[in-house]
Amino acid sequence: MHEVGHNLNLGHSGERSDEYADSSGMMGYSFRSDNGPVMCFNSAKNFQLGWYDDRSTTIRSNWAGVIIGIAEYDLAIDGHHVIVRIPANEIGGSDDYYVSYNRNKAGTCNSDTRDGPDQVLVHKRRRGTGYGQSTLMAKLSKLASYTIPSTSIVIDFFDLDFNASPRTAHVRIILTPTSSPTVSTESPTSSTTKVPTAAPTQGPTKSQNPTKLPTKGPTIAPTITFQPSTVPSSLPTAVPTKSPTDKPTTSPTALPTSGPT
């Protein structure tokens, strides 16, 4: 099967510095037996061949979804993926990355996979779909994550529905981390905001108190007179006469009569 893969224009698949060390699929080391081990190609090779195209997706933003293995491809329903590709231009390099779930199931095309059975696998290869070497970069168990080197891109295997049929791996891929709230170390530039500039616009319709407040005080201070406004004259205006105007008579005017009449 390894040599058949070369006839299909597939290159080798390695791990770390070993060109043939990826034994999750048939393009690692070859085997002498014609009938085994029973396994297929990895996700990078399958994408190159255009296999499972209806269950493949290329992402360009943060993604979360369900991945199933090629061993249960025939059980896939809407929302299930077999290959998730992260293109090189989203990573900022020259390699595309591929995420898959390496379902190991008896009686299927992947019953004898040797490397990373029932784990989420991450492969890379030079961008494009021509002939090219692929490399196994990570084998993730449930709750494990992998960060693509020299980037902040995280592949997180956060759940596995072991009893589902097909068995489903729940994965999120974070291309752009969500910024955390920043905490300022500086003191506030000003104190609290100003108090309201105006009181409520309307009050009760009728006032129980006078509508106008009294003025603060008399507008003109009262004048105070300490002395009478007119000084009294020093002497009476007329001098009294020195003596009566008529002198009394010297004697009666008539002598009394001599006796009764």
# chains A, B, ... in the order shown; residues from 1 in each chain; ligands from 1
$ residues_around --residues "Thr113 of chain A" --least-positions-apart "2" --cutoff "10 Å" --atoms "only C-alpha atoms" --output "ChimeraX atom specification"
/A:23-26,37-41,102-105,109-111,115-118
$ residues_around --residues "Ser17 of chain A" --least-positions-apart "6" --cutoff "12 Å" --atoms "only C-alpha atoms" --output "VMD selection string"
chain A and resid 133 to 137
$ residues_around --residues "Ser145 of chain A" --least-positions-apart "5" --cutoff "10 Å" --atoms "only C-alpha atoms" --output "list in words"
Val120, Ala138, Lys139, Leu140, Val154, Ile155, Asp156, Phe157, Phe158, Val171, Arg172 and Ile173 of chain A
$ atom_distance --atom1 "atom CA of Gly36 of chain A" --atom2 "atom CA of Gln48 of chain A"
23.1 Å
